[in-house]
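What follows is final-v4.csv (CSV, C-alpha atoms).
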```csv
chain,number,residue,atom,x,y,z
I,1230,MET,CA,48.8,22.3,-6.2
I,1231,THR,CA,52.2,21.6,-4.6
I,1232,PRO,CA,53.6,24.1,-2.1
I,1233,ALA,CA,56.1,26.7,-3.3
I,1234,ASP,CA,59.7,25.8,-2.9
I,1235,ASP,CA,63.0,27.7,-3.0
I,1236,GLY,CA,65.4,27.0,-5.9
I,1237,ALA,CA,69.1,26.5,-5.7
I,1238,ASP,CA,69.5,30.3,-5.8
I,1239,GLY,CA,67.1,30.8,-2.8
I,1240,VAL,CA,64.5,32.6,-4.9
I,1241,ALA,CA,60.9,31.5,-4.2
I,1242,ARG,CA,59.2,30.1,-7.3
I,1243,ALA,CA,55.6,29.6,-8.3
I,1244,PRO,CA,54.1,26.3,-7.1
I,1245,ARG,CA,53.9,23.6,-9.6
I,1246,VAL,CA,50.5,22.8,-11.1
I,1247,PRO,CA,50.0,19.1,-12.0
I,1248,GLY,CA,48.6,18.5,-15.5
I,1249,PRO,CA,45.0,17.4,-16.0
I,1250,ARG,CA,44.5,13.8,-15.2
I,1251,ARG,CA,43.5,11.5,-18.1
I,1252,SER,CA,40.3,9.5,-17.8
I,1253,ALA,CA,40.9,5.9,-16.8
I,1254,ASP,CA,38.8,4.8,-19.7
I,1255,ASP,CA,41.4,6.4,-22.1
I,1256,HIS,CA,44.3,4.2,-21.1
I,1257,ALA,CA,43.2,1.4,-18.7
I,1258,ASP,CA,43.5,-2.2,-19.9
I,1259,LEU,CA,40.3,-4.0,-18.7
I,1260,THR,CA,41.3,-7.4,-19.9
I,1261,GLY,CA,43.6,-8.2,-17.0
I,1262,ARG,CA,46.5,-9.0,-19.3
I,1263,PRO,CA,49.9,-7.6,-18.4
I,1264,GLU,CA,50.8,-4.5,-20.3
I,1265,PRO,CA,53.9,-4.6,-22.4
I,1266,GLU,CA,56.6,-2.2,-21.5
I,1267,GLU,CA,57.0,0.5,-24.2
I,1268,PRO,CA,59.9,2.8,-24.5
I,1269,VAL,CA,59.2,6.3,-23.3
I,1270,GLU,CA,60.1,9.0,-25.8
I,1271,GLU,CA,60.8,12.5,-24.6
I,1272,PRO,CA,58.7,15.0,-26.5
I,1273,ASP,CA,60.3,17.9,-28.3
I,1274,VAL,CA,59.6,21.0,-26.2
I,1275,PRO,CA,59.1,24.0,-28.4
I,1276,VAL,CA,60.3,27.5,-27.3
I,1277,LEU,CA,57.1,29.6,-27.1
I,1278,SER,CA,56.5,33.2,-26.0
I,1279,HIS,CA,54.5,34.1,-22.9
I,1280,GLY,CA,51.5,35.2,-25.0
I,1281,VAL,CA,51.4,31.9,-26.9
I,1282,LEU,CA,51.7,29.8,-23.7
I,1283,LYS,CA,48.9,31.8,-22.1
I,1284,SER,CA,46.6,31.2,-25.1
I,1285,LEU,CA,47.3,27.5,-24.8
I,1286,LEU,CA,46.0,27.2,-21.2
I,1287,GLY,CA,42.4,26.4,-22.3
I,1288,ALA,CA,43.6,23.6,-24.6
I,1289,TRP,CA,45.9,22.4,-21.8
I,1290,ALA,CA,43.0,22.1,-19.3
I,1291,LEU,CA,41.1,20.1,-21.9
I,1292,SER,CA,44.1,17.8,-22.6
I,1293,ALA,CA,44.0,19.0,-26.2
I,1294,CYS,CA,47.7,20.1,-26.5
I,1295,SER,CA,50.4,18.0,-28.2
I,1296,ALA,CA,53.0,16.4,-26.0
I,1297,GLY,CA,55.5,19.1,-26.7
I,1298,GLU,CA,53.0,21.9,-26.0
I,1299,THR,CA,51.9,20.2,-22.8
I,1300,ALA,CA,55.5,20.0,-21.6
I,1301,ALA,CA,56.1,23.7,-22.5
I,1302,VAL,CA,52.9,24.9,-20.8
I,1303,GLU,CA,53.7,22.9,-17.6
I,1304,ALA,CA,57.2,24.2,-17.5
I,1305,HIS,CA,55.9,27.7,-17.8
I,1306,LEU,CA,53.4,27.2,-15.0
I,1307,THR,CA,56.3,26.6,-12.6
I,1308,GLU,CA,57.6,30.0,-13.3
I,1309,CYS,CA,54.5,32.2,-13.9
I,1310,GLY,CA,52.2,32.7,-10.9
I,1311,PRO,CA,49.3,34.4,-12.9
I,1312,CYS,CA,49.3,31.7,-15.5
I,1313,ALA,CA,49.3,29.0,-12.8
I,1314,ASP,CA,46.3,30.6,-11.1
I,1315,GLU,CA,44.4,30.8,-14.4
I,1316,ALA,CA,45.4,27.2,-15.2
I,1317,LEU,CA,43.8,26.0,-11.9
I,1318,ARG,CA,40.6,27.9,-12.6
I,1319,LEU,CA,40.3,26.4,-16.1
I,1320,ARG,CA,41.1,22.9,-14.9
I,1321,ASP,CA,38.4,23.2,-12.1
I,1322,ALA,CA,35.9,24.4,-14.7
I,1323,VAL,CA,36.7,21.4,-17.0
I,1324,ALA,CA,36.2,19.1,-14.1
I,1325,LEU,CA,32.6,20.4,-13.6
I,1326,LEU,CA,31.9,19.8,-17.3
I,1327,HIS,CA,33.0,16.1,-17.1
I,1328,ARG,CA,31.1,15.1,-14.0
I,1329,ASP,CA,30.5,11.3,-13.9
I,1330,ARG,CA,26.9,10.5,-14.8
I,1331,ASP,CA,24.7,7.8,-16.3
I,1332,LEU,CA,24.5,8.1,-20.0
I,1333,ASP,CA,21.1,6.5,-20.2
I,1334,LEU,CA,18.3,9.2,-20.6
I,1335,ASP,CA,15.6,9.4,-18.0
I,1336,PRO,CA,12.7,7.3,-19.5
I,1337,LEU,CA,10.2,10.0,-18.4
I,1338,LEU,CA,12.2,12.8,-20.0
I,1339,ARG,CA,10.4,12.7,-23.3
I,1340,SER,CA,7.0,12.8,-21.6
I,1341,ARG,CA,7.9,15.7,-19.4
I,1342,VAL,CA,9.3,17.7,-22.4
I,1343,LEU,CA,6.2,17.0,-24.5
I,1344,GLU,CA,3.8,17.9,-21.7
I,1345,ASN,CA,5.7,21.1,-21.1
I,1346,CYS,CA,5.7,22.0,-24.8
I,1347,LEU,CA,2.0,21.1,-25.3
I,1348,GLY,CA,1.0,23.0,-22.1
I,1349,ARG,CA,3.0,26.2,-22.6
I,1350,ARG,CA,3.5,26.8,-26.3
I,1351,PRO,CA,1.1,29.6,-27.3
I,1352,ALA,CA,-1.0,28.8,-30.3
I,1353,ARG,CA,-1.1,31.2,-33.3
I,1354,ILE,CA,-4.7,30.1,-33.9
I,1355,PRO,CA,-7.0,30.1,-30.7
I,1356,VAL,CA,-8.2,26.5,-30.2
I,1357,PRO,CA,-11.6,26.3,-28.4
I,1358,GLY,CA,-11.4,24.6,-25.1
I,1359,TRP,CA,-13.7,21.7,-26.2
I,1360,VAL,CA,-11.2,20.9,-29.1
I,1361,THR,CA,-8.1,20.8,-26.9
I,1362,PRO,CA,-8.5,17.2,-25.7
I,1363,TYR,CA,-8.5,16.0,-29.3
I,1364,ASP,CA,-5.6,18.3,-30.2
I,1365,ALA,CA,-3.5,17.0,-27.2
I,1366,GLU,CA,-4.2,13.3,-27.8
I,1367,THR,CA,-3.5,13.4,-31.5
I,1368,ALA,CA,-0.3,15.2,-30.9
I,1369,ARG,CA,0.8,12.7,-28.3
I,1370,LEU,CA,0.0,9.8,-30.6
I,1371,ASP,CA,1.9,11.4,-33.4
I,1372,ALA,CA,4.9,11.8,-31.2
I,1373,LEU,CA,4.8,8.0,-30.5
I,1374,LEU,CA,4.5,7.2,-34.2
I,1375,ARG,CA,7.5,9.4,-35.0
I,1376,ASP,CA,9.6,7.4,-32.5
I,1377,ILE,CA,8.9,3.9,-33.7
I,1378,GLY,CA,10.8,2.1,-36.5
I,1379,GLU,CA,9.5,0.9,-39.8
I,1380,SER,CA,9.2,-2.7,-38.7
I,1381,GLU,CA,7.2,-1.7,-35.6
I,1382,TRP,CA,4.4,-0.4,-37.8
I,1383,HIS,CA,3.6,-4.1,-38.5
I,1384,ALA,CA,3.7,-5.2,-34.9
I,1385,PRO,CA,0.5,-7.1,-33.9
I,1386,VAL,CA,-2.0,-5.2,-31.8
I,1387,ARG,CA,-4.9,-7.0,-30.1
I,1388,LEU,CA,-8.1,-4.9,-30.1
I,1389,LYS,CA,-10.8,-5.8,-27.6
I,1390,TRP,CA,-14.4,-4.5,-27.0
I,1391,TYR,CA,-17.8,-5.8,-25.8
I,1392,GLU,CA,-20.8,-6.8,-27.9
I,1393,GLU,CA,-24.0,-8.0,-26.2
I,1394,ASP,CA,-22.1,-8.8,-23.0
I,1395,ARG,CA,-19.5,-10.8,-24.8
I,1396,PRO,CA,-15.8,-9.8,-25.2
I,1397,VAL,CA,-14.9,-9.5,-28.8
I,1398,ARG,CA,-11.2,-9.6,-30.0
I,1399,ARG,CA,-9.7,-8.6,-33.3
I,1400,LYS,CA,-6.1,-8.8,-34.5
I,1401,ALA,CA,-4.6,-5.7,-36.2
I,1402,THR,CA,-1.3,-4.0,-36.6
I,1403,VAL,CA,0.0,-0.6,-35.6
I,1404,ALA,CA,-0.7,0.7,-39.1
I,1405,GLY,CA,-4.1,-1.0,-39.1
I,1406,VAL,CA,-5.1,0.9,-35.9
I,1407,ILE,CA,-4.1,4.2,-37.4
I,1408,GLY,CA,-6.2,3.3,-40.5
I,1409,HIS,CA,-9.1,2.7,-38.1
I,1410,LEU,CA,-8.7,6.1,-36.5
I,1411,PHE,CA,-8.3,7.7,-39.9
I,1412,ALA,CA,-11.5,6.1,-41.2
I,1413,VAL,CA,-13.7,6.9,-38.2
I,1414,ASP,CA,-12.4,10.5,-37.9
I,1415,GLY,CA,-13.7,10.8,-41.4
I,1416,LEU,CA,-17.2,11.0,-39.9
I,1417,VAL,CA,-16.3,14.2,-38.2
I,1418,ALA,CA,-14.5,15.4,-41.4
I,1419,GLY,CA,-17.7,14.8,-43.4
I,1420,ALA,CA,-19.8,16.8,-40.9
I,1421,LEU,CA,-17.4,19.7,-41.3
I,1422,GLY,CA,-17.5,19.6,-45.0
I,1423,LEU,CA,-14.0,18.1,-45.4
I,1424,ASP,CA,-12.9,15.2,-47.6
I,1425,ASP,CA,-14.0,11.7,-46.5
I,1426,PRO,CA,-11.0,9.3,-46.5
I,1427,LEU,CA,-13.3,6.6,-47.9
I,1428,GLY,CA,-14.1,8.8,-50.9
I,1429,ALA,CA,-17.0,10.8,-52.1
I,1430,GLY,CA,-20.4,9.1,-52.2
I,1431,THR,CA,-19.6,6.6,-49.4
I,1432,PRO,CA,-23.0,5.4,-47.9
I,1433,GLU,CA,-23.7,5.9,-44.3
I,1434,LEU,CA,-21.7,3.3,-42.3
I,1435,SER,CA,-21.1,2.6,-38.7
I,1436,PRO,CA,-17.6,3.1,-37.3
I,1437,SER,CA,-16.9,-0.6,-37.5
I,1438,GLU,CA,-18.2,-0.8,-41.0
I,1439,ARG,CA,-16.1,2.1,-42.1
I,1440,THR,CA,-13.0,0.5,-40.6
I,1441,GLU,CA,-13.6,-2.8,-42.4
I,1442,ALA,CA,-14.3,-0.9,-45.7
I,1443,PHE,CA,-11.1,1.1,-45.3
I,1444,TRP,CA,-9.0,-2.0,-44.5
I,1445,SER,CA,-10.4,-4.0,-47.4
I,1446,GLY,CA,-9.8,-1.2,-49.9
I,1447,LEU,CA,-6.0,-1.1,-49.2
I,1448,GLU,CA,-4.0,-2.7,-52.0
I,1449,ARG,CA,-1.2,-3.8,-49.6
I,1450,PRO,CA,-0.7,-4.1,-45.9
I,1451,PRO,CA,-0.6,-0.6,-44.5
I,1452,GLY,CA,2.6,0.9,-43.0
I,1453,ARG,CA,4.2,4.1,-42.0
I,1454,ALA,CA,2.7,5.9,-45.1
I,1455,LEU,CA,-0.7,6.1,-43.2
I,1456,ARG,CA,0.8,8.5,-40.6
I,1457,GLU,CA,0.9,11.6,-42.8
I,1458,PRO,CA,-2.7,11.4,-44.1
I,1459,TRP,CA,-4.1,10.7,-40.6
I,1460,ARG,CA,-2.1,13.6,-39.1
I,1461,ASP,CA,-3.1,15.9,-41.9
I,1462,GLN,CA,-6.8,15.1,-41.3
I,1463,SER,CA,-6.5,15.7,-37.6
I,1464,HIS,CA,-4.9,19.0,-38.2
I,1465,ALA,CA,-7.6,19.9,-40.7
I,1466,LEU,CA,-10.3,19.0,-38.1
I,1467,ILE,CA,-8.7,21.2,-35.4
I,1468,ARG,CA,-8.2,24.1,-37.8
I,1469,THR,CA,-11.7,24.0,-39.2
I,1470,ALA,CA,-13.4,23.7,-35.8
I,1471,SER,CA,-11.2,26.6,-34.6
I,1472,PHE,CA,-12.1,29.0,-37.5
I,1473,ALA,CA,-15.8,28.0,-37.7
I,1474,GLY,CA,-17.0,29.9,-34.6
I,1475,ARG,CA,-19.1,29.1,-31.6
I,1476,GLY,CA,-22.1,27.6,-33.4
I,1477,VAL,CA,-20.1,24.7,-34.9
I,1478,ALA,CA,-19.9,23.0,-31.4
I,1479,ASP,CA,-23.5,21.9,-31.7
I,1480,LEU,CA,-23.2,20.6,-35.3
I,1481,THR,CA,-24.5,17.0,-35.4
I,1482,VAL,CA,-22.1,14.1,-36.2
I,1483,THR,CA,-23.9,10.9,-37.2
I,1484,TYR,CA,-22.5,7.5,-36.4
I,1485,LYS,CA,-25.3,5.6,-38.2
I,1486,ASP,CA,-26.8,4.1,-35.0
I,1487,PHE,CA,-26.4,7.2,-32.9
I,1488,ALA,CA,-25.4,10.9,-33.1
I,1489,LEU,CA,-23.4,13.3,-31.1
I,1490,PRO,CA,-22.9,17.1,-31.2
I,1491,LEU,CA,-19.5,18.0,-32.6
I,1492,ARG,CA,-18.3,19.1,-29.1
I,1493,ASP,CA,-18.9,15.6,-27.7
I,1494,SER,CA,-17.8,13.9,-30.9
I,1495,LEU,CA,-14.3,15.4,-30.8
I,1496,LEU,CA,-14.1,14.4,-27.1
I,1497,GLU,CA,-15.1,10.9,-28.0
I,1498,ARG,CA,-12.4,10.8,-30.8
I,1499,ALA,CA,-9.8,12.1,-28.2
I,1500,PHE,CA,-10.9,9.2,-25.9
I,1501,GLU,CA,-10.5,6.6,-28.6
I,1502,CYS,CA,-7.2,8.1,-29.8
I,1503,TRP,CA,-5.8,7.8,-26.3
I,1504,LEU,CA,-7.0,4.2,-25.8
I,1505,HIS,CA,-5.7,3.0,-29.2
I,1506,ALA,CA,-2.4,4.9,-28.6
I,1507,ASP,CA,-2.2,2.9,-25.4
I,1508,ASP,CA,-2.8,-0.3,-27.4
I,1509,ILE,CA,0.0,0.6,-29.7
I,1510,ALA,CA,2.3,1.5,-26.9
I,1511,HIS,CA,1.8,-1.9,-25.3
I,1512,ALA,CA,2.5,-3.6,-28.6
I,1513,VAL,CA,5.8,-1.8,-29.2
I,1514,ALA,CA,6.9,-1.6,-25.5
I,1515,TYR,CA,6.7,2.2,-25.4
I,1516,PRO,CA,5.9,4.2,-22.2
I,1517,TYR,CA,2.6,6.1,-22.5
I,1518,ASP,CA,0.7,8.0,-19.9
I,1519,PRO,CA,-3.0,8.7,-19.5
I,1520,PRO,CA,-4.4,12.1,-20.5
I,1521,CYS,CA,-4.0,15.1,-18.2
I,1522,GLY,CA,-6.5,15.3,-15.3
I,1523,ALA,CA,-8.7,18.0,-16.9
I,1524,HIS,CA,-9.1,16.1,-20.2
I,1525,LEU,CA,-9.6,12.8,-18.4
I,1526,HIS,CA,-12.4,14.4,-16.3
I,1527,GLU,CA,-14.1,15.5,-19.5
I,1528,MET,CA,-13.9,12.0,-21.0
I,1529,ILE,CA,-15.4,10.4,-17.9
I,1530,ASP,CA,-18.1,13.1,-17.8
I,1531,LEU,CA,-19.1,12.2,-21.5
I,1532,ALA,CA,-19.3,8.5,-20.6
I,1533,THR,CA,-21.6,9.2,-17.6
I,1534,ARG,CA,-23.9,11.3,-19.8
I,1535,LEU,CA,-24.2,8.5,-22.3
I,1536,LEU,CA,-24.9,5.8,-19.6
I,1537,PRO,CA,-28.6,6.5,-19.0
I,1538,ALA,CA,-29.4,6.1,-22.7
I,1539,ALA,CA,-27.2,2.9,-23.0
I,1540,LEU,CA,-29.0,1.5,-19.9
I,1541,ALA,CA,-32.4,2.2,-21.5
I,1542,GLY,CA,-31.3,0.5,-24.7
I,1543,ARG,CA,-30.2,-2.6,-22.8
I,1544,ARG,CA,-33.5,-2.6,-20.9
I,1545,ARG,CA,-35.4,-2.6,-24.2
I,1546,SER,CA,-33.3,-5.6,-25.4
I,1547,GLY,CA,-34.0,-7.5,-22.2
I,1548,LEU,CA,-30.3,-7.2,-21.0
I,1549,ALA,CA,-31.1,-5.1,-18.0
I,1550,ALA,CA,-33.7,-5.1,-15.2
I,1551,PRO,CA,-37.0,-3.2,-15.8
I,1552,ALA,CA,-37.4,0.3,-14.6
I,1553,ARG,CA,-38.8,0.6,-11.1
I,1554,GLN,CA,-39.7,4.3,-10.8
I,1555,LEU,CA,-40.6,6.2,-13.9
I,1556,VAL,CA,-40.5,10.0,-13.5
I,1557,ALA,CA,-41.2,13.0,-15.8
I,1558,ALA,CA,-38.4,14.2,-18.1
I,1559,GLY,CA,-36.1,16.5,-16.2
I,1560,ALA,CA,-37.3,15.3,-12.8
I,1561,PRO,CA,-34.9,13.6,-10.2
I,1562,GLY,CA,-35.1,9.9,-10.1
I,1563,ARG,CA,-33.5,6.8,-8.7
I,1564,SER,CA,-29.7,7.1,-9.1
I,1565,LEU,CA,-26.3,5.4,-8.8
I,1566,HIS,CA,-23.5,7.4,-7.2
I,1567,LEU,CA,-20.3,6.9,-9.2
I,1568,GLU,CA,-17.3,8.1,-7.3
I,1569,VAL,CA,-14.2,8.3,-9.5
I,1570,GLU,CA,-10.8,8.6,-7.7
I,1571,GLY,CA,-7.5,9.9,-8.9
I,1572,ALA,CA,-6.6,12.3,-11.7
I,1573,GLY,CA,-9.8,13.4,-13.5
I,1574,GLY,CA,-12.0,12.1,-10.7
I,1575,GLY,CA,-15.2,13.5,-9.3
I,1576,HIS,CA,-18.8,12.5,-8.3
I,1577,TRP,CA,-21.5,11.6,-10.8
I,1578,TYR,CA,-25.1,10.6,-10.2
I,1579,ILE,CA,-26.5,8.3,-13.0
I,1580,ALA,CA,-30.2,8.1,-13.6
I,1581,LEU,CA,-31.3,4.4,-13.5
I,1582,ASP,CA,-34.9,4.3,-14.7
I,1583,SER,CA,-35.2,6.9,-17.6
I,1584,PRO,CA,-32.6,8.5,-19.8
I,1585,ALA,CA,-34.6,11.8,-19.5
I,1586,ALA,CA,-34.4,11.7,-15.6
I,1587,VAL,CA,-31.9,13.7,-13.6
I,1588,GLY,CA,-29.5,11.9,-11.2
I,1589,ASP,CA,-30.2,12.9,-7.6
I,1590,PRO,CA,-27.9,12.4,-4.6
I,1591,ASP,CA,-31.0,12.1,-2.3
I,1592,GLN,CA,-32.3,9.2,-4.4
I,1593,ALA,CA,-29.0,7.3,-4.7
I,1594,VAL,CA,-29.7,3.6,-4.1
I,1595,ALA,CA,-26.1,2.3,-4.9
I,1596,GLN,CA,-22.5,3.6,-5.0
I,1597,VAL,CA,-19.6,2.5,-7.0
I,1598,ALA,CA,-16.0,3.7,-6.4
I,1599,MET,CA,-13.4,3.3,-9.2
I,1600,GLU,CA,-10.1,4.8,-10.3
I,1601,GLY,CA,-10.4,7.1,-13.3
I,1602,VAL,CA,-8.2,5.2,-15.8
I,1603,GLU,CA,-9.9,1.9,-14.7
I,1604,PHE,CA,-13.4,3.4,-15.4
I,1605,CYS,CA,-12.2,4.4,-18.9
I,1606,GLN,CA,-10.8,1.0,-19.5
I,1607,LEU,CA,-14.2,-0.4,-18.6
I,1608,VAL,CA,-15.9,2.0,-21.0
I,1609,ALA,CA,-13.4,1.0,-23.7
I,1610,GLY,CA,-14.1,-2.7,-23.2
I,1611,ARG,CA,-10.6,-3.4,-22.0
I,1612,VAL,CA,-11.7,-4.9,-18.7
I,1613,SER,CA,-14.9,-6.7,-17.8
I,1614,PRO,CA,-17.6,-5.4,-15.5
I,1615,GLU,CA,-16.9,-8.1,-13.0
I,1616,GLU,CA,-13.3,-7.0,-12.8
I,1617,ALA,CA,-13.8,-3.2,-12.8
I,1618,ALA,CA,-15.3,-1.9,-9.6
I,1619,ALA,CA,-13.0,-1.5,-6.6
I,1620,GLY,CA,-15.8,-0.6,-4.2
I,1621,GLN,CA,-19.6,-1.3,-4.3
I,1622,ASP,CA,-22.4,-0.6,-2.0
I,1623,GLY,CA,-26.2,-0.7,-2.2
I,1624,ASP,CA,-28.5,-2.2,-4.9
I,1625,ARG,CA,-26.5,-5.0,-6.5
I,1626,GLU,CA,-28.9,-5.2,-9.5
I,1627,ALA,CA,-28.4,-1.4,-10.2
I,1628,ILE,CA,-24.6,-1.8,-9.9
I,1629,ARG,CA,-24.5,-4.7,-12.3
I,1630,ASP,CA,-26.7,-3.0,-14.9
I,1631,VAL,CA,-24.7,0.2,-14.9
I,1632,LEU,CA,-21.3,-1.5,-15.1
I,1633,ALA,CA,-22.6,-3.7,-18.0
I,1634,ALA,CA,-24.0,-0.6,-19.7
I,1635,ALA,CA,-20.6,1.1,-19.4
I,1636,ALA,CA,-18.9,-1.8,-21.1
I,1637,SER,CA,-21.6,-1.8,-23.8
I,1638,LEU,CA,-20.4,1.7,-24.9
I,1639,SER,CA,-17.2,0.1,-26.3
I,1640,ARG,CA,-16.8,-0.8,-29.9
I,1641,LEU,CA,-14.1,-1.3,-32.5
```

Before we go any further, please render this structure as structure tokens.
Amino acid sequence: MTPADDGADGVARAPRVPGPRRSADDHADLTGRPEPEEPVEEPDVPVLSHGVLKSLLGAWALSACSAGETAAVEAHLTECGPCADEALRLRDAVALLHRDRDLDLDPLLRSRVLENCLGRRPARIPVPGWVTPYDAETARLDALLRDIGESEWHAPVRLKWYEEDRPVRRKATVAGVIGHLFAVDGLVAGALGLDDPLGAGTPELSPSERTEAFWSGLERPPGRALREPWRDQSHALIRTASFAGRGVADLTVTYKDFALPLRDSLLERAFECWLHADDIAHAVAYPYDPPCGAHLHEMIDLATRLLPAALAGRRRSGLAAPARQLVAAGAPGRSLHLEVEGAGGGHWYIALDSPAAVGDPDQAVAQVAMEGVEFCQLVAGRVSPEEAAAGQDGDREAIRDVLAAAASLSRL
């Protein structure tokens, strides 16, 4: 604001307030060409009352007045001290609203908003704690699917898992992966008395066989239309499990070659939902984070509980070394200490010689240290046993057998 001056009559007048500065982007020529001279036209200055001029101060600060109104307001500000003070306050407020900033959104903004919403929004229906990992992972995948375009539903996705110590690969699309989740979730739906996506009377099939049957039954390549039935089914599973009461957690879900209680089955489905969402995210170049630490810990715990039986199965097939020290069921036996670092980490002791034995720190003969997401990638068949372990110590044979058994848990 310019200092006050005395007019020709010696009377002190209010200081002159310069008008709001226009943005350089509004009038700058960025081409480097000389600007042609244009004749300057003097605006017609209307004669306005004090009340009208005062009401125009907000528009003047926002550069929203006409040329004539601007001239009238600025002429008035040289004569009226209260209006000049108000004009300064308004102009400073507008400057705060127009602070220079990068218009690109923070790439992590969406993840933070979703995490905050999923973590804090109270549920109208209480969801049991053992259902929340599946609830969270299906919601995160659904948010990804809502964000991608129609063409990205046909983006190629490379699926990978292990069979008999050999990596197996299969080409699919984003829509095909959702169809796979939809078909295998149908096993849980059937156990809860809900409709099977493969139809009534479908014989008992393994997850891979159900997927192949679902894919072959489609009349055309799947697309975005699969999202809604998959999401409706996941909502139905969560709602049914929530209303069914405590006893439903122990309901048996059969996968043809093995079975899990519903509590573990929904945790396994949450694990697969996350891993396949990560596959989709890589295919469409979408940022995607691992599950929260508490849910990741539960997924790792499930895998470690399945490892002794997987190790025994490999031993019967001649793919693992014979047992060295058989013990009675429930007794402590020779163990491998698995130390998982990072979010969801912890310490687990895996029985080596019998699936009915109990892992014992005092009988640990080997130790493996891994990061949590890396261990899950091994269990999902995304990395090989040779590439997985960051730190190894002790019985090399036990370490090799346990890592190979972890990879054998993977499937389509």

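The shell of residues at most 9 Å from Glu1393 (chain I), with all atoms listed in the file counted and near chain neighbours (fewer than 2 positions) removed, consists of Tyr1391, Arg1395, Pro1396, Arg1543, Leu1548 and Ser1637 of chain I.
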
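As for CA of Arg1498 (chain I) and CA of Pro1519 (chain I), they are spaced 14.8 Å apart.
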
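Reported to one decimal place, the separation of CA of Val1403 (chain I) from CA of His1511 (chain I) is 10.5 Å.
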
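Candidate residues I:Leu1427, I:Leu1421, I:Leu1525, I:Leu1317 were compared for distance to Pro1490 (chain I), and the nearest is I:Leu1421, using only C-alpha atoms.
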
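Here the question is which of I:Trp1382, I:Phe1500, I:Trp1359, I:Trp1577 gets nearest to Asp1479 (chain I) using all atoms listed in the file, and that residue is I:Trp1359.
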
Exercise. Any idea what's packed within 8 Å of Trp1444 (chain I), counting all atoms listed in the file, ignoring anything in its chain fewer than 2 positions away? Could you give it as a PyMOL selection string?
Worked result: chain I and resi 1405+1408-1409+1440-1442+1446-1447

Exercise. Which polymer residues have any atom within 6 Å of an atom of Lys1485 (chain I), counting only C-alpha atoms, with same-chain residues fewer than 2 positions away left out, as a PyMOL selection string?
Worked result: chain I and resi 1434-1435+1483+1487

Contacts of region 1290-1295 of chain I at 10 Å or less, counting all atoms listed in the file, minus same-chain residues fewer than 4 places along, as a PDB file with C-alpha atoms, in the frame of the given file?
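The resulting file, result_0.pdb, is shown below:
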```
ATOM      1  CA  GLY I1248      48.600  18.500 -15.500  1.00  0.00           C
ATOM      2  CA  PRO I1249      45.000  17.400 -16.000  1.00  0.00           C
ATOM      3  CA  ARG I1250      44.500  13.800 -15.200  1.00  0.00           C
ATOM      4  CA  ARG I1251      43.500  11.500 -18.100  1.00  0.00           C
ATOM      5  CA  PRO I1272      58.700  15.000 -26.500  1.00  0.00           C
ATOM      6  CA  ASP I1273      60.300  17.900 -28.300  1.00  0.00           C
ATOM      7  CA  VAL I1274      59.600  21.000 -26.200  1.00  0.00           C
ATOM      8  CA  LEU I1285      47.300  27.500 -24.800  1.00  0.00           C
ATOM      9  CA  LEU I1286      46.000  27.200 -21.200  1.00  0.00           C
ATOM     10  CA  THR I1299      51.900  20.200 -22.800  1.00  0.00           C
ATOM     11  CA  ALA I1300      55.500  20.000 -21.600  1.00  0.00           C
ATOM     12  CA  ALA I1301      56.100  23.700 -22.500  1.00  0.00           C
ATOM     13  CA  VAL I1302      52.900  24.900 -20.800  1.00  0.00           C
ATOM     14  CA  ALA I1316      45.400  27.200 -15.200  1.00  0.00           C
ATOM     15  CA  LEU I1317      43.800  26.000 -11.900  1.00  0.00           C
ATOM     16  CA  ARG I1318      40.600  27.900 -12.600  1.00  0.00           C
ATOM     17  CA  LEU I1319      40.300  26.400 -16.100  1.00  0.00           C
ATOM     18  CA  ARG I1320      41.100  22.900 -14.900  1.00  0.00           C
ATOM     19  CA  ASP I1321      38.400  23.200 -12.100  1.00  0.00           C
ATOM     20  CA  ALA I1322      35.900  24.400 -14.700  1.00  0.00           C
ATOM     21  CA  VAL I1323      36.700  21.400 -17.000  1.00  0.00           C
ATOM     22  CA  ALA I1324      36.200  19.100 -14.100  1.00  0.00           C
TER      23      ALA I1324
END
```

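Our summary of the geometry notes that CA of Ala1595 (chain I) is positioned 28.0 Å from CA of Leu1496 (chain I).
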
For this session: Show which residues sit within 9 Å of Arg1640 (chain I), as number ranges by chain. Count all atoms listed in the file, and ignore same-chain residues fewer than 6 positions away.
Result: I: 1389-1392, 1397, 1436-1437, 1609-1610

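Nearest-residue note for Pro1614 (chain I): choosing from I:Glu1570, I:Asp1630, I:Glu1379, I:Asp1424, the minimum distance belongs to I:Asp1630, counting all atoms listed in the file.
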
For this session: Point out the residue among I:Asp1394, I:Leu1565, I:Ala1512, I:Trp1459 with the least atom-to-atom distance to Glu1615 (chain I), counting only C-alpha atoms.
Result: I:Asp1394

For this session: Could you tell me which of I:Ala1499, I:Ala1420, I:Leu1489, I:Leu1277 comes closest to Glu1366 (chain I) if we count all atoms listed in the file?
Result: I:Ala1499
